[in-house]
Amino acid sequence: MPAAAEAPFPSSATSLESHFSAAAGEALTLRPRLTESSPVLTGPSAADAGHLLAPGDHVSLDLRGNPNRHEELRVDSAGRLLVSDLPPVTASGRTLADVAAEIEGALTRQGYTTRSYLALATPEPLTVSIGGAVPRPGHLALPQGALLIDALAAAGGVSALGSLRAVTLQRAGQREVFDFVPGLLGLAPLPAAALAEGDIITVPPLGAVTGIAGAVRSPGLYELPPSGRATVRDVIRLAGGPLSGAAAADAGLERLQPAAGGGWKRSPANPQDTVSADDILFLRPSSGAEQNSVLLEGPVYNPGRRALGRTGTLADLLAHGEELRQNVWPFYGLVEHYDRSRLEKMLIAFSPRAVLAGQQDLPLGSGDRVRLFRPADFSALAPPTDAVPPTTVPEAAEIAPALDAAMIAALRGAAVTLQGAVNQPGLYPLARDIPLADLLAASGGTAERAVVALAEVRLPDVPVPPGLSQAPGFDAEPMLAATLALPVAPGAFVTIPQRRAEVTAAALTVSGAVLRPGRYDLLPGETLSSLIARAGGLAPEAYAYGAIFRRQSIARREQMTLDGATGEIARILALPEDGRDAPDPTARAALTRLLHEIATTRATGRMVVEADPEILRHSPELDLLLAPGDAIYYPRRAYGVTVMGEVQAPGEQQFRTGRTAGDYVELAGGTSAVADSGRTFVLRPNGEAAPASLSAWSNDNPPVPPGSAIVVPRDPRPFHWLEAAGSITALVSQIAFTAAALNSLSN
């Protein structure tokens, strides 16, 4: 067994992986892993699969890879789908699978690497809650027919220290546990658990693990089954089996186990032996086995060693593209070859896309190491000081081995510096010249207002005047096609200029009682009063005091609060009913009701503003400067007061001058048994809230103008046993406030 000190540890290894890797003497990572970019999309449902498309059908198109986007499409009267960047696709009379295959093929012929998923559009999503060891706990809106694995991917996958062996699905008081490890390793079908409205999903912490190293196809750390019982043979099977040329199982197996006084003890092992948590198995290669194989690393579905006899060339090793994950960087890879005649290590660069096209296939030698890369790997390269580092995005299941100094030097030497109006500026290595269009497509595309026709492409130490590309004359919009065809060489600098923003298209919405409602472009310096003037002013029946102004950034913050609370409640509900910290049945029922209420609550993003044009004309300091996505709604004049929340008969009461909040609550039948009367508040038409007393003897009775809502919140006492009682109590109030705002919108 090699010495532990020489192990190349993964740069992103968890402490658990580092602990096992140090003992094994080689890099061991947790396998399998499930992230949001793992290829687990379910595709069309069984009902959709046989459906023949017809004019008027609405479909959802998801492209995963490059490009990576979502489109909502409709089959037009001519029976065609109009997909961005493609000629019209004939759809009428064909199945979803046929049309998806044609779209994918058309993109492939244009040089893209993507997978196409087409499904009939579903108008109403189902809502489920997920908690535990996932990156984004909370409630999820998923399409009808979604599976449990779709929910895991939508929540960002399973965290590095989360369990794939015991994912729990709770429905109507019943729990079922699912094991995803065999399915993700290709040893069994994936669990096909269909989700239903209100399901609660919990991912527990990682259970007991064992490691395996040496002459197996996928060395790593593997979580043991929930029973904790597994044999050595079972673990070898999880690791993909032994490499050809590995020592006989009964002669080449060793086991490392933690020693009582610290360190590790080594002993022989047999295939039928039972493994324990924290064991490390080692399958010794036979003499010459490592020399008669090649090592494949990076974003591939089955990393590890391959027998050289079956993989004589790079194209053979990459299985002609079937081995590659969707996030592979298509323009650079490395072969590490040891030249025995010169006793030195060589790094040979290649382009995976060129290899698969038959333009750069290379023979492989005994002991070669082939390394592929993901765009996220290039974050290890120091970005230029005038460029923004590339955005880090969640990658597929593997954790990349560390880059050694020689590889980093090779990557830097071949890297193109991409900067300016692009979505992911940074360093991108190339093995050979490629067109500018290919570089932009693979690196994430251009940003808004990019002027690609004026792209600057230059090599180091070759200055180019601003506004000119390397080939003179390509400096105008009509030359866009020629600019995209410009060759970009390794080491080049590429700058995409940006047009100054004068107008943000269709960014504002005006609705309700205005003369010209609709969507309006955002002009520089746009204010609320100027927008209303462009909309023709208010209609005679408009109720300016009741205007509802919404801003997207506020809605996002409200939704984050709701999502965080959902994850916390889902975690509490997942506790065993007989556990020491578990809620009692009454509290559990109350929490379940609260969870459903949060899941069906939509953040409004309402902001209290002065919206009366006459007041704004005399007080310009109150005139709000608008932002993209802002929306304002002017209701018609109201003649009622809404009573909602914990009252006997929620609804609208006729407005009468002089009536107090308590008067309107009495007209609604009074409060219910679970009301918190002391926290009643009045939501005025303009969005302001004021506390109100229901007592006839109190002086704390704010005016209740027409169009107001009186909210009687629920008593939060069922949740007082929680440490988070304060936050949940505040949340109950927020739900009531949000519900009142939604009620105003609907009226």
# chains A, B, ... in the order shown; residues from 1 in each chain; ligands from 1

$ residues_around --residues "region 509-519 of chain A" --least-positions-apart "2" --cutoff "9 Å" --atoms "only C-alpha atoms" --output "list in words"
Ala506, Ala507, Asp521, Leu531, Ile532, Arg534, Ala535, Gly536, Gly537, Leu538, Ala539, Pro540, Glu541, Ala542, Tyr543, Gly629, Asp630, Ala631, Ile632, Tyr633, Tyr634, Pro635 and Arg636 of chain A

$ write_last_selection --atoms "N, CA and C atoms" --output "mmCIF file, in the first residue's frame"
data_model
loop_
_atom_site.group_PDB
_atom_site.id
_atom_site.type_symbol
_atom_site.label_atom_id
_atom_site.label_comp_id
_atom_site.auth_asym_id
_atom_site.auth_seq_id
_atom_site.Cartn_x
_atom_site.Cartn_y
_atom_site.Cartn_z
ATOM 1 N N ALA A 506 -39.798 46.631 -21.260
ATOM 2 C CA ALA A 506 -40.965 46.015 -20.601
ATOM 3 C C ALA A 506 -40.682 45.645 -19.154
ATOM 4 N N ALA A 507 -40.198 46.629 -18.366
ATOM 5 C CA ALA A 507 -39.787 46.330 -16.997
ATOM 6 C C ALA A 507 -40.818 46.737 -15.965
ATOM 7 N N ASP A 521 -41.688 50.273 -20.745
ATOM 8 C CA ASP A 521 -40.233 50.259 -20.617
ATOM 9 C C ASP A 521 -39.805 51.200 -19.490
ATOM 10 N N LEU A 531 -44.405 57.617 -14.592
ATOM 11 C CA LEU A 531 -45.000 56.393 -15.124
ATOM 12 C C LEU A 531 -46.516 56.522 -15.236
ATOM 13 N N ILE A 532 -47.164 57.078 -14.197
ATOM 14 C CA ILE A 532 -48.619 57.244 -14.227
ATOM 15 C C ILE A 532 -49.015 58.217 -15.339
ATOM 16 N N ARG A 534 -47.433 58.593 -18.177
ATOM 17 C CA ARG A 534 -47.313 57.837 -19.431
ATOM 18 C C ARG A 534 -48.499 56.899 -19.613
ATOM 19 N N ALA A 535 -49.072 56.428 -18.482
ATOM 20 C CA ALA A 535 -50.240 55.541 -18.551
ATOM 21 C C ALA A 535 -51.537 56.322 -18.713
ATOM 22 N N GLY A 536 -51.473 57.622 -18.942
ATOM 23 C CA GLY A 536 -52.655 58.423 -19.197
ATOM 24 C C GLY A 536 -53.297 59.012 -17.968
ATOM 25 N N GLY A 537 -52.734 58.767 -16.777
ATOM 26 C CA GLY A 537 -53.319 59.278 -15.547
ATOM 27 C C GLY A 537 -54.358 58.319 -14.984
ATOM 28 N N LEU A 538 -54.925 58.697 -13.829
ATOM 29 C CA LEU A 538 -55.881 57.836 -13.146
ATOM 30 C C LEU A 538 -57.272 57.986 -13.740
ATOM 31 N N ALA A 539 -58.020 56.873 -13.707
ATOM 32 C CA ALA A 539 -59.426 56.913 -14.102
ATOM 33 C C ALA A 539 -60.230 57.599 -13.001
ATOM 34 N N PRO A 540 -61.425 58.123 -13.322
ATOM 35 C CA PRO A 540 -62.220 58.834 -12.302
ATOM 36 C C PRO A 540 -62.538 57.976 -11.087
ATOM 37 N N GLU A 541 -62.708 56.657 -11.263
ATOM 38 C CA GLU A 541 -63.083 55.795 -10.142
ATOM 39 C C GLU A 541 -61.880 55.263 -9.365
ATOM 40 N N ALA A 542 -60.656 55.704 -9.701
ATOM 41 C CA ALA A 542 -59.455 55.189 -9.042
ATOM 42 C C ALA A 542 -59.418 55.595 -7.572
ATOM 43 N N TYR A 543 -58.908 54.694 -6.741
ATOM 44 C CA TYR A 543 -58.766 54.925 -5.299
ATOM 45 C C TYR A 543 -57.272 54.957 -4.994
ATOM 46 N N GLY A 629 -38.928 45.697 -12.896
ATOM 47 C CA GLY A 629 -39.837 44.739 -12.283
ATOM 48 C C GLY A 629 -40.892 45.345 -11.388
ATOM 49 N N ASP A 630 -40.820 46.653 -11.100
ATOM 50 C CA ASP A 630 -41.821 47.281 -10.233
ATOM 51 C C ASP A 630 -43.210 47.183 -10.871
ATOM 52 N N ALA A 631 -44.236 47.082 -10.021
ATOM 53 C CA ALA A 631 -45.619 47.003 -10.497
ATOM 54 C C ALA A 631 -46.515 47.784 -9.546
ATOM 55 N N ILE A 632 -47.501 48.488 -10.123
ATOM 56 C CA ILE A 632 -48.459 49.222 -9.292
ATOM 57 C C ILE A 632 -49.863 48.946 -9.795
ATOM 58 N N TYR A 633 -50.780 48.798 -8.829
ATOM 59 C CA TYR A 633 -52.182 48.491 -9.119
ATOM 60 C C TYR A 633 -53.057 49.525 -8.415
ATOM 61 N N TYR A 634 -53.944 50.182 -9.183
ATOM 62 C CA TYR A 634 -54.885 51.149 -8.621
ATOM 63 C C TYR A 634 -56.272 50.512 -8.582
ATOM 64 N N PRO A 635 -56.794 50.250 -7.374
ATOM 65 C CA PRO A 635 -58.140 49.666 -7.311
ATOM 66 C C PRO A 635 -59.202 50.734 -7.533
ATOM 67 N N ARG A 636 -60.423 50.263 -7.776
ATOM 68 C CA ARG A 636 -61.564 51.183 -7.783
ATOM 69 C C ARG A 636 -61.929 51.518 -6.340
#

$ atom_distance --atom1 "CA of Ile615 (chain A)" --atom2 "CA of Ala638 (chain A)"
20.0 Å

$ closest_residue --among "A:Glu666, A:Asp57, A:Asp62, A:Asp715" --to "Arg80 (chain A)" --atoms "only C-alpha atoms"
A:Asp57

$ closest_residue --among "A:Pro435, A:Gly651, A:Pro352, A:Gly312" --to "Ser293 (chain A)" --atoms "only C-alpha atoms"
A:Gly312

$ atom_distance --atom1 "CA of Glu336 (chain A)" --atom2 "CA of Gly304 (chain A)"
14.6 Å

$ select_by_dssp --residues "region 148-212 of chain A" --states "alpha helix (DSSP H)" --output "PyMOL selection string"
chain A and resi 148-154+181-184

$ write_last_selection --atoms "N, CA, C and O atoms" --output "PDB file, in the first residue's frame"
ATOM      1  N   LEU A 148     -39.621  11.678  -6.351  1.00  0.00           N
ATOM      2  CA  LEU A 148     -38.843  12.059  -5.179  1.00  0.00           C
ATOM      3  C   LEU A 148     -37.460  12.558  -5.574  1.00  0.00           C
ATOM      4  O   LEU A 148     -36.951  13.541  -5.019  1.00  0.00           O
ATOM      5  N   ILE A 149     -36.841  11.926  -6.545  1.00  0.00           N
ATOM      6  CA  ILE A 149     -35.489  12.331  -6.950  1.00  0.00           C
ATOM      7  C   ILE A 149     -35.500  13.706  -7.605  1.00  0.00           C
ATOM      8  O   ILE A 149     -34.532  14.459  -7.527  1.00  0.00           O
ATOM      9  N   ASP A 150     -36.627  14.086  -8.256  1.00  0.00           N
ATOM     10  CA  ASP A 150     -36.731  15.433  -8.820  1.00  0.00           C
ATOM     11  C   ASP A 150     -36.728  16.483  -7.711  1.00  0.00           C
ATOM     12  O   ASP A 150     -36.134  17.554  -7.844  1.00  0.00           O
ATOM     13  N   ALA A 151     -37.406  16.176  -6.592  1.00  0.00           N
ATOM     14  CA  ALA A 151     -37.434  17.115  -5.472  1.00  0.00           C
ATOM     15  C   ALA A 151     -36.041  17.283  -4.873  1.00  0.00           C
ATOM     16  O   ALA A 151     -35.630  18.385  -4.514  1.00  0.00           O
ATOM     17  N   LEU A 152     -35.298  16.184  -4.761  1.00  0.00           N
ATOM     18  CA  LEU A 152     -33.939  16.282  -4.228  1.00  0.00           C
ATOM     19  C   LEU A 152     -33.077  17.165  -5.122  1.00  0.00           C
ATOM     20  O   LEU A 152     -32.318  18.016  -4.633  1.00  0.00           O
ATOM     21  N   ALA A 153     -33.172  16.970  -6.433  1.00  0.00           N
ATOM     22  CA  ALA A 153     -32.386  17.788  -7.355  1.00  0.00           C
ATOM     23  C   ALA A 153     -32.809  19.250  -7.289  1.00  0.00           C
ATOM     24  O   ALA A 153     -31.981  20.155  -7.328  1.00  0.00           O
ATOM     25  N   ALA A 154     -34.125  19.506  -7.168  1.00  0.00           N
ATOM     26  CA  ALA A 154     -34.610  20.882  -7.108  1.00  0.00           C
ATOM     27  C   ALA A 154     -34.153  21.599  -5.849  1.00  0.00           C
ATOM     28  O   ALA A 154     -34.030  22.824  -5.832  1.00  0.00           O
ATOM     29  N   VAL A 181     -28.669   4.788  -3.133  1.00  0.00           N
ATOM     30  CA  VAL A 181     -27.284   4.454  -3.462  1.00  0.00           C
ATOM     31  C   VAL A 181     -27.199   3.421  -4.578  1.00  0.00           C
ATOM     32  O   VAL A 181     -26.500   3.634  -5.585  1.00  0.00           O
ATOM     33  N   PRO A 182     -27.870   2.254  -4.501  1.00  0.00           N
ATOM     34  CA  PRO A 182     -27.746   1.282  -5.601  1.00  0.00           C
ATOM     35  C   PRO A 182     -28.176   1.856  -6.942  1.00  0.00           C
ATOM     36  O   PRO A 182     -27.533   1.597  -7.970  1.00  0.00           O
ATOM     37  N   GLY A 183     -29.247   2.654  -6.966  1.00  0.00           N
ATOM     38  CA  GLY A 183     -29.714   3.204  -8.232  1.00  0.00           C
ATOM     39  C   GLY A 183     -28.737   4.187  -8.845  1.00  0.00           C
ATOM     40  O   GLY A 183     -28.496   4.168 -10.056  1.00  0.00           O
ATOM     41  N   LEU A 184     -28.158   5.063  -8.028  1.00  0.00           N
ATOM     42  CA  LEU A 184     -27.205   6.047  -8.549  1.00  0.00           C
ATOM     43  C   LEU A 184     -25.908   5.397  -9.015  1.00  0.00           C
ATOM     44  O   LEU A 184     -25.195   5.955  -9.845  1.00  0.00           O
TER      45      LEU A 184
END
